[in-house]
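To start, the structure itself, in structure tokens.
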Amino acid sequence: MINKTLIKDRLVLLDNYLDALRSLASLPKNAFMSDKRNAAATESFLRRSLEAIFDIGRHILAKSGRMDMAAEYKAIAKGLEDIGVVDTALSEKLVQMAGYRNRLVHMYGIISDEELYDIITTELGDIREFIAAIKEYIN
């Protein structure tokens, strides 16, 4: 059985991380780029957001009897589509997020501050879409 409390707790964390990312995204680009702490905070909040997303997905798949799909991040994205939690378009975005999560964790040295700024100013809608899909699924 899906633990709705666990999922809701992760969604609260995700909302908090999104608030922090929105705050950083509201900075003018030159202000964001002038302080290295902004990129470091962005990287941390973005990585934490992606971890929360895939923790939620892993839990749903494991409790749905799809443990085979819960081992790898990209498989989690496809598994959530397979069981009807997310649509194909969001699943494809989640696959991209999984790849980006791996870059953040393993190749953080090649991610530029400008790339991080571009992501938080243009791509946070995907995370909001995921939150909405999960809320709909658990209700």
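Residues in the structure tokens are named by chain (A, B, ... in the order shown) and by number from 1 within that chain; ligands are numbered from 1 in the order shown.
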Practice prompt. For stretch 113-121 of chain A, list every protein, DNA or RNA residue within 7 Å, evaluated using only C-alpha atoms, and leave out those in the same chain fewer than 2 positions away; present the list as a PyMOL selection string.
Written response: chain A and resi 21+25+33+39+42+111+123-124
Worksheet entry | Sel. of alpha helix (DSSP H) residues, stretch 41-136 of chain A, as a ChimeraX atom specification | /A:41-63,73-82,88-106,113-122,124-136
Discussion item. Need the shell around stretch 97-107 of chain A: protein/DNA/RNA residues with any atom at most 6 Å away, counting only C-alpha atoms. Skip same-chain ones fewer than 3 positions apart. Format as a list in words?
Written reply: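 That gives Tyr73, Lys74, Leu94 and Ile110 of chain A.
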Same residues, N, CA and C atoms, saved as an mmCIF file, in the first residue's frame:
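Ended up saving to selection.cif:
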data_model
loop_
_atom_site.group_PDB
_atom_site.id
_atom_site.type_symbol
_atom_site.label_atom_id
_atom_site.label_comp_id
_atom_site.auth_asym_id
_atom_site.auth_seq_id
_atom_site.Cartn_x
_atom_site.Cartn_y
_atom_site.Cartn_z
ATOM 1 N N TYR A 73 16.880 5.639 -12.227
ATOM 2 C CA TYR A 73 16.090 6.866 -12.348
ATOM 3 C C TYR A 73 15.291 6.937 -13.638
ATOM 4 N N LYS A 74 15.906 6.606 -14.755
ATOM 5 C CA LYS A 74 15.174 6.671 -16.021
ATOM 6 C C LYS A 74 14.067 5.626 -16.067
ATOM 7 N N LEU A 94 10.763 13.600 -17.253
ATOM 8 C CA LEU A 94 11.382 12.946 -16.103
ATOM 9 C C LEU A 94 12.629 12.163 -16.516
ATOM 10 N N ILE A 110 31.322 20.219 -14.629
ATOM 11 C CA ILE A 110 31.148 20.726 -15.994
ATOM 12 C C ILE A 110 29.805 21.429 -16.183
#
Can you list, as an mmCIF file with N, CA and C atoms, in the first residue's frame, every protein, DNA or RNA residue that comes within 10 Å of A:Phe45 when you count only C-alpha atoms, leaving out same-chain residues fewer than 2 positions away?
data_model
loop_
_atom_site.group_PDB
_atom_site.id
_atom_site.type_symbol
_atom_site.label_atom_id
_atom_site.label_comp_id
_atom_site.auth_asym_id
_atom_site.auth_seq_id
_atom_site.Cartn_x
_atom_site.Cartn_y
_atom_site.Cartn_z
ATOM 1 N N LEU A 14 9.688 19.169 -1.569
ATOM 2 C CA LEU A 14 9.806 19.606 -2.956
ATOM 3 C C LEU A 14 9.277 21.024 -3.137
ATOM 4 N N ASN A 16 9.237 23.324 -0.840
ATOM 5 C CA ASN A 16 10.222 24.202 -0.202
ATOM 6 C C ASN A 16 11.430 24.436 -1.101
ATOM 7 N N TYR A 17 11.902 23.369 -1.739
ATOM 8 C CA TYR A 17 13.027 23.514 -2.659
ATOM 9 C C TYR A 17 12.647 24.394 -3.846
ATOM 10 N N LEU A 18 11.423 24.220 -4.349
ATOM 11 C CA LEU A 18 10.959 25.050 -5.461
ATOM 12 C C LEU A 18 10.887 26.521 -5.066
ATOM 13 N N ASP A 19 10.417 26.791 -3.853
ATOM 14 C CA ASP A 19 10.383 28.180 -3.371
ATOM 15 C C ASP A 19 11.786 28.789 -3.376
ATOM 16 N N ALA A 20 12.761 28.025 -2.899
ATOM 17 C CA ALA A 20 14.141 28.510 -2.879
ATOM 18 C C ALA A 20 14.655 28.735 -4.299
ATOM 19 N N LEU A 21 14.336 27.824 -5.214
ATOM 20 C CA LEU A 21 14.770 27.981 -6.602
ATOM 21 C C LEU A 21 14.093 29.174 -7.268
ATOM 22 N N ALA A 39 24.904 29.971 -7.463
ATOM 23 C CA ALA A 39 24.976 28.746 -8.262
ATOM 24 C C ALA A 39 25.082 27.520 -7.362
ATOM 25 N N ALA A 40 25.849 27.629 -6.288
ATOM 26 C CA ALA A 40 25.992 26.487 -5.371
ATOM 27 C C ALA A 40 24.648 26.154 -4.724
ATOM 28 N N ALA A 41 23.920 27.170 -4.306
ATOM 29 C CA ALA A 41 22.604 26.941 -3.711
ATOM 30 C C ALA A 41 21.642 26.370 -4.750
ATOM 31 N N THR A 42 21.687 26.896 -5.955
ATOM 32 C CA THR A 42 20.831 26.391 -7.028
ATOM 33 C C THR A 42 21.116 24.921 -7.296
ATOM 34 N N GLU A 43 22.374 24.579 -7.400
ATOM 35 C CA GLU A 43 22.749 23.191 -7.653
ATOM 36 C C GLU A 43 22.233 22.282 -6.540
ATOM 37 N N ARG A 47 19.336 19.518 -7.150
ATOM 38 C CA ARG A 47 19.643 18.106 -6.910
ATOM 39 C C ARG A 47 18.688 17.508 -5.883
ATOM 40 N N ARG A 48 18.417 18.242 -4.814
ATOM 41 C CA ARG A 48 17.482 17.763 -3.796
ATOM 42 C C ARG A 48 16.075 17.593 -4.374
ATOM 43 N N SER A 49 15.682 18.507 -5.231
ATOM 44 C CA SER A 49 14.364 18.399 -5.883
ATOM 45 C C SER A 49 14.276 17.130 -6.714
ATOM 46 N N LEU A 50 15.309 16.877 -7.488
ATOM 47 C CA LEU A 50 15.311 15.685 -8.332
ATOM 48 C C LEU A 50 15.337 14.416 -7.491
ATOM 49 N N GLU A 51 16.081 14.426 -6.413
ATOM 50 C CA GLU A 51 16.105 13.258 -5.519
ATOM 51 C C GLU A 51 14.714 13.013 -4.928
#
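Closest approach to A:Ser23 from the set A:Asn38, A:Ile53, A:Lys8, A:Leu80 is made by A:Asn38, with distances taken over only C-alpha atoms.
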Worksheet item: What is the distance, in Å and to one decimal place, between atom CA of A:Ala52 and atom CA of A:Arg10?
Response: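 Atom-to-atom, atom CA of A:Ala52 and atom CA of A:Arg10 are spaced 6.0 Å apart.
Once A:Ile60 and its same-chain neighbours fewer than 4 positions away are set aside, Met1, Ile2, Asn3, Ile7, Asp55, Ile56, Ser64, Gly65, Arg66, Ala70, Leu80 and Val85 of chain A remain within 9 Å of it when counting only C-alpha atoms.
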